[in-house]
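A quick write-up on the structure given underneath.
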Protein chains: 2
Amino acid sequence: MFIFYSENIVNDIVIIDGDDYKHITRSLRKREGDEIFITDGNGNLYTCSIKELKKQEIYCEIINEASFSKNKRLHIAIGVTKNPARIETFVEKATEIGVDQISFLHFKHSEKSRIKLDRIKRIAISAMKQSGQYFLPALNEIQTVENFIQNITPSSTFYGHMTKEIKSFKDASLNLNEATIIIGPEGHFSKEEVDFFNEAEIQAVTLGPTRLRVETAGIVASSIFLS
Amino acid sequence: MFIFYSENIVNDIVIIDGDDYKHITRSLRKREGDEIFITDGNGNLYTCSIKELKKQEIYCEIINEASFSKNKRLHIAIGVTKNPARIETFVEKATEIGVDQISFLHFKHSEKSRIKLDRIKRIAISAMKQSGQYFLPALNEIQTVENFIQNITPSSTFYGHMTKEIKSFKDASLNLNEATIIIGPEGHFSKEEVDFFNEAEIQAVTLGPTRLRVETAGIVASSIFLS
């Protein structure tokens with residue numbers, strides 16, 4: 001079963017464009033009256049009937065609606081990698097595993113602080129469809145650590161650290177249904193950032209016995225919390 | 001600290017060639033008498049003194065030796081993906097996370113049944129160095145499921161399945177220090193393969209609530225068992 005994605009819903013009509021438009025009209029050769037499934041990436045699955053095929057858009061009428069909810073919510077705040085392919089791998093895998101929200105952070109030791117959010121969103125949409133889910137992670141524009149910290153709940157927020165003498169993320173998050181974890185950049189956190197986390201009562205956790213790349217740390221954190 | 005890799009050890013001499021040779025002689029401009037660190041990928045770290053720089057090889061004398069051991073051993077047997085980049089991502093991440101052994105399997109629904117083991121080994125060596133480890137996963141040539149099953153221990157062997165009503169790999173492997181998990185191909189297991197696993201008393205486990213790509217399933221299994 002193919003599931004398409006659209007955020008463009010007005011009353012009982014879902015409008016599809018872009019790649020999904022091409023897929024539906026050219027590859028699948030769907031016609032008016034045919035049934036298709038669409039998700040809004042927000043836990044809703046719509047069974048629709050194609051009402052009108054326009055030049056670059058499809059108007060679909062909702063004939064049935066099912067809503068899904070999440071058991072656990074993980075927010076990952078991650079440093080942008082020098083090589084964009086690595087952060088894209090993270091986004092693809094985190095979406096498959098079911099991460100709820102991704103924030104991109106600028107750290108003192110970040111070698112890069114730009115991301116192509118449009119491209120990243122396309123990767124997430126594709127991974128969501130591929131993994132048969134109806135949830136797209138919220139993807140937040142790059143921001144500073146200081147800014148990000150304003151809105152967190154310290155009791156369920158963690159940062160991945162390399163020290164071996166601290167609690168594992170697995171143990172620390174065992175009884176939580178919602179958590180946030182901060183993953184540092186390739187150059188690691190600065191001393192000031194670690195002090196800042198400690199002052200904000202954000203808890204240091206380890207993600208395992210080995211030294212992980214940024215994107216691997218993000219995928220491992222997703223697996224630990226959501227699997 | 002740079003760590004180099006060589007399997008070529010004769011008495012107290014470690015011989016280095018290939019990319020590490022270039023790295024040591026050209027980038028780092030090491031000379032005879034300089035100290036370097038070498039691992040054999042088998043848990044041993046050698047502190048060496050460069051004895052002789054030859055045209056394409058470096059002879060290093062072992063001056064100190066430290067041995068490390070593993071707490072947990074995970075063997076992942078995985079279907080080869082159609083796109084080789086996906087299985088390479090799996091090998092890189094699994095090595096970083098510390099997987100002990102990787103077997104490549106040919107399933108009935110495999111779309112591809114060839115791998116470039118040399119290339120895969122180079123990726124694993126690079127990931128081992130990057131993650132500061134002294135263990136390289138054993139990488140086994142592609143084989144049939146029937147062949148693979150001959151040498152497993154059913155009580156600690158699992159296969160990843162999509163059914164939601166089964167035990168999670170996390171719970172099923174909780175008290176094990178050694179485990180093997182079989183990850184199916186893109187076309188999933190055939191009915192015969194599932195019957196075959198059940199007859200061999202290999203246990204079905206789930207890797208989480210979402211449908212994962214082959215390589216993601218392998219990374220998630222590594223994270224669950226080793227983190």
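Ordering of the structure tokens sets the chain letters (A, B, ...); residue numbers start at 1 within each chain; ligands are numbered from 1 in the order shown.
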- Task: Could you list, as a PyMOL selection string, the residues of chain A having an atom within 9 Å of chain B when counting only C-alpha atoms?
- Result: chain A and resi 89+93+96-98+130-133+168-170+206-213+216+219-224+226-227
- Message: At a cut-off of 12 Å, using only C-alpha atoms, what residues contact Arg114 in chain B? Leave out same-chain residues fewer than 4 positions from it and give the result as a PyMOL selection string.
- Response: chain B and resi 79-84+87+104-107+110+120+141-144
- Length of the CA of Lys72 in chain B to CA of Phe135 in chain B vector [Å]: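 If I compute the distance from CA of Lys72 in chain B to CA of Phe135 in chain B, I get 12.3 Å.
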- Item | Interatomic distance (Å, one decimal) between CA of Leu136 in chain A and CA of Gly41 in chain A |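 Taking CA of Leu136 in chain A as the start and CA of Gly41 in chain A as the end point, the length is 4.5 Å.
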- Task: Report the residues of range 1-180 of chain A whose backbone DSSP state falls under strand (DSSP E), written as a VMD selection string.
- Result: chain A and resid 3 to 5 9 to 10 13 to 16 35 to 39 44 to 53 58 to 67 73 to 79 101 to 106 138 to 144 157 to 160 178 to 180
DSSP says helix (DSSP H, G or I) for which residues of range 56-208 of chain B? Put them as a compact mmCIF listing (two decimals) with N, CA, C and O atoms, in the first residue's frame?
```txt
# COMPACT_ATOMS: atom_id res chain seq x y z
N PRO B 84 24.53 -1.11 -2.59
CA PRO B 84 25.64 -1.44 -1.70
C PRO B 84 25.93 -0.38 -0.63
O PRO B 84 26.42 -0.69 0.44
N ALA B 85 25.59 0.89 -0.92
CA ALA B 85 25.85 1.96 0.05
C ALA B 85 25.10 1.69 1.36
O ALA B 85 25.57 2.07 2.43
N ARG B 86 23.96 1.02 1.27
CA ARG B 86 23.16 0.79 2.48
C ARG B 86 23.84 -0.24 3.39
O ARG B 86 23.88 -0.08 4.60
N ILE B 87 24.37 -1.30 2.79
CA ILE B 87 25.04 -2.31 3.63
C ILE B 87 26.35 -1.73 4.16
O ILE B 87 26.79 -2.05 5.28
N GLU B 88 26.95 -0.82 3.40
CA GLU B 88 28.19 -0.18 3.87
C GLU B 88 27.91 0.75 5.07
O GLU B 88 28.69 0.79 6.02
N THR B 89 26.78 1.47 5.01
CA THR B 89 26.38 2.29 6.16
C THR B 89 26.20 1.40 7.39
O THR B 89 26.65 1.72 8.49
N PHE B 90 25.54 0.25 7.18
CA PHE B 90 25.35 -0.68 8.30
C PHE B 90 26.70 -1.12 8.89
O PHE B 90 26.89 -1.08 10.11
N VAL B 91 27.63 -1.52 8.03
CA VAL B 91 28.93 -2.00 8.52
C VAL B 91 29.67 -0.90 9.29
O VAL B 91 30.22 -1.14 10.36
N GLU B 92 29.62 0.31 8.75
CA GLU B 92 30.30 1.43 9.43
C GLU B 92 29.72 1.64 10.83
O GLU B 92 30.45 1.68 11.83
N LYS B 93 28.39 1.73 10.90
CA LYS B 93 27.73 2.02 12.18
C LYS B 93 27.88 0.84 13.15
O LYS B 93 28.12 1.03 14.34
N ALA B 94 27.71 -0.39 12.65
CA ALA B 94 27.82 -1.58 13.51
C ALA B 94 29.22 -1.68 14.11
O ALA B 94 29.39 -2.04 15.27
N THR B 95 30.23 -1.33 13.30
CA THR B 95 31.62 -1.35 13.80
C THR B 95 31.80 -0.30 14.88
O THR B 95 32.37 -0.58 15.94
N GLU B 96 31.31 0.91 14.63
CA GLU B 96 31.40 1.97 15.65
C GLU B 96 30.76 1.53 16.96
O GLU B 96 31.29 1.79 18.04
N ILE B 97 29.59 0.90 16.86
CA ILE B 97 28.84 0.51 18.06
C ILE B 97 29.49 -0.70 18.73
O ILE B 97 29.30 -0.94 19.91
N LEU B 117 33.81 -7.71 -0.28
CA LEU B 117 34.28 -7.88 1.10
C LEU B 117 35.52 -7.04 1.39
O LEU B 117 35.68 -6.53 2.50
N ASP B 118 36.38 -6.85 0.39
CA ASP B 118 37.58 -6.02 0.57
C ASP B 118 37.22 -4.59 0.90
O ASP B 118 37.76 -3.98 1.82
N ARG B 119 36.26 -4.07 0.10
CA ARG B 119 35.81 -2.69 0.31
C ARG B 119 35.13 -2.56 1.68
O ARG B 119 35.35 -1.59 2.41
N ILE B 120 34.31 -3.55 2.02
CA ILE B 120 33.60 -3.54 3.30
C ILE B 120 34.59 -3.59 4.46
O ILE B 120 34.42 -2.92 5.48
N LYS B 121 35.64 -4.37 4.29
CA LYS B 121 36.65 -4.46 5.35
C LYS B 121 37.36 -3.12 5.55
O LYS B 121 37.63 -2.71 6.68
N ARG B 122 37.63 -2.43 4.45
CA ARG B 122 38.28 -1.12 4.56
C ARG B 122 37.39 -0.14 5.33
O ARG B 122 37.87 0.66 6.15
N ILE B 123 36.08 -0.20 5.07
CA ILE B 123 35.13 0.67 5.78
C ILE B 123 35.13 0.33 7.27
O ILE B 123 35.14 1.22 8.13
N ALA B 124 35.17 -0.96 7.58
CA ALA B 124 35.17 -1.40 8.99
C ALA B 124 36.46 -0.95 9.70
O ALA B 124 36.41 -0.47 10.83
N ILE B 125 37.59 -1.08 9.01
CA ILE B 125 38.87 -0.66 9.62
C ILE B 125 38.83 0.83 9.93
O ILE B 125 39.20 1.27 11.02
N SER B 126 38.33 1.61 8.97
CA SER B 126 38.25 3.05 9.16
C SER B 126 37.31 3.40 10.33
O SER B 126 37.62 4.27 11.15
N ALA B 127 36.17 2.71 10.42
CA ALA B 127 35.22 2.97 11.51
C ALA B 127 35.81 2.55 12.86
O ALA B 127 35.60 3.22 13.87
N MET B 128 36.58 1.46 12.86
CA MET B 128 37.22 1.01 14.10
C MET B 128 38.19 2.08 14.61
O MET B 128 38.17 2.45 15.79
N LYS B 129 39.02 2.58 13.70
CA LYS B 129 39.98 3.62 14.09
C LYS B 129 39.26 4.87 14.58
O LYS B 129 39.60 5.44 15.61
N GLN B 130 38.29 5.31 13.79
CA GLN B 130 37.52 6.52 14.09
C GLN B 130 36.89 6.46 15.47
O GLN B 130 36.82 7.44 16.19
N VAL B 145 21.27 -19.24 4.02
CA VAL B 145 20.68 -19.32 5.36
C VAL B 145 20.89 -20.73 5.92
O VAL B 145 21.27 -20.89 7.08
N GLU B 146 20.64 -21.73 5.09
CA GLU B 146 20.77 -23.14 5.51
C GLU B 146 22.17 -23.41 6.08
O GLU B 146 22.32 -24.04 7.10
N ASN B 147 23.14 -22.90 5.38
CA ASN B 147 24.52 -23.09 5.80
C ASN B 147 24.79 -22.37 7.12
O ASN B 147 25.41 -22.91 8.04
N PHE B 148 24.29 -21.16 7.20
CA PHE B 148 24.54 -20.33 8.39
C PHE B 148 23.97 -20.98 9.66
O PHE B 148 24.60 -20.96 10.72
N ILE B 149 22.80 -21.55 9.50
CA ILE B 149 22.06 -22.12 10.65
C ILE B 149 22.80 -23.30 11.30
O ILE B 149 22.59 -23.60 12.48
N PRO B 154 20.70 -22.06 19.25
CA PRO B 154 19.32 -21.56 19.19
C PRO B 154 18.91 -20.68 20.38
O PRO B 154 18.23 -19.68 20.20
N SER B 155 19.38 -21.01 21.59
CA SER B 155 18.91 -20.25 22.77
C SER B 155 19.35 -18.78 22.76
O SER B 155 18.77 -17.96 23.44
N SER B 156 20.40 -18.47 21.97
CA SER B 156 20.83 -17.06 21.93
C SER B 156 20.76 -16.51 20.50
O SER B 156 21.44 -15.54 20.16
N PHE B 169 13.42 -7.58 20.97
CA PHE B 169 14.81 -8.04 21.07
C PHE B 169 15.43 -7.54 22.37
O PHE B 169 16.21 -8.24 23.02
N LYS B 170 15.04 -6.33 22.77
CA LYS B 170 15.53 -5.74 24.02
C LYS B 170 15.23 -6.67 25.20
O LYS B 170 16.12 -7.03 25.97
N ASP B 171 13.97 -7.08 25.34
CA ASP B 171 13.58 -7.94 26.46
C ASP B 171 14.16 -9.35 26.32
O ASP B 171 14.64 -9.94 27.28
N ALA B 172 14.14 -9.87 25.09
CA ALA B 172 14.57 -11.25 24.87
C ALA B 172 16.07 -11.44 25.12
O ALA B 172 16.52 -12.52 25.50
N LYS B 191 8.22 -17.69 3.43
CA LYS B 191 7.50 -18.52 4.39
C LYS B 191 8.37 -19.71 4.80
O LYS B 191 8.44 -20.08 5.98
N GLU B 192 9.08 -20.29 3.83
CA GLU B 192 9.95 -21.44 4.11
C GLU B 192 11.06 -21.07 5.10
O GLU B 192 11.39 -21.85 5.99
N GLU B 193 11.61 -19.88 4.92
CA GLU B 193 12.69 -19.45 5.82
C GLU B 193 12.17 -19.30 7.26
O GLU B 193 12.82 -19.73 8.21
N VAL B 194 10.97 -18.71 7.39
CA VAL B 194 10.39 -18.54 8.73
C VAL B 194 10.13 -19.91 9.35
O VAL B 194 10.45 -20.15 10.52
N ASP B 195 9.57 -20.84 8.56
CA ASP B 195 9.33 -22.21 9.06
C ASP B 195 10.65 -22.85 9.52
O ASP B 195 10.72 -23.49 10.56
N PHE B 196 11.65 -22.65 8.72
CA PHE B 196 12.98 -23.18 8.96
C PHE B 196 13.55 -22.64 10.28
O PHE B 196 14.09 -23.38 11.11
N PHE B 197 13.41 -21.34 10.52
CA PHE B 197 13.86 -20.72 11.78
C PHE B 197 13.09 -21.33 12.95
O PHE B 197 13.67 -21.65 13.98
N ASN B 198 11.78 -21.46 12.77
CA ASN B 198 10.96 -21.98 13.87
C ASN B 198 11.34 -23.42 14.20
O ASN B 198 11.45 -23.78 15.38
N GLU B 199 11.58 -24.21 13.17
CA GLU B 199 12.01 -25.61 13.40
C GLU B 199 13.36 -25.65 14.14
O GLU B 199 13.57 -26.51 14.99
```
- Query: Using only C-alpha atoms, which of A:Glu178, A:Tyr59, A:Leu74, A:Leu28 sits nearest Val10 in chain A?
  - Reply: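 Of the candidates, the smallest distance to Val10 in chain A is held by A:Tyr59.
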- Task: Choose the residue, out of A:Ala66, A:Cys48, A:Met162, A:Leu176, that has the smallest atom-to-atom separation from Ala204 in chain A; count only C-alpha atoms.
- Result: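 Between A:Ala66, A:Cys48, A:Met162, A:Leu176, the residue approaching Ala204 in chain A most closely is A:Met162.
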- Message: Set the distance at 12 Å and use only C-alpha atoms: which residues neighbour Leu53 in chain B once local chain neighbours fewer than 2 positions away are removed? I'd like the list as number ranges by chain.
- Response: B: 15-17, 21-22, 24-26, 29-34, 49-51, 55-61
- Of B:Gln101, B:Asn42, B:Asn140, B:Asn177, the one sitting nearest Lys116 in chain B when using only C-alpha atoms is B:Asn140
- Query: Could you work out how far CA of Phe158 in chain A lies from CA of Glu186 in chain A, giving the answer in Å with one decimal?
  - Reply: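 Interatomic distance, CA of Glu186 in chain A to CA of Phe158 in chain A: 17.9 Å.
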- Near-Ile76 in chain A list (6 Å; only C-alpha atoms; drop same-chain fewer than 3 positions) as a PyMOL selection string: chain A and resi 102+180-181
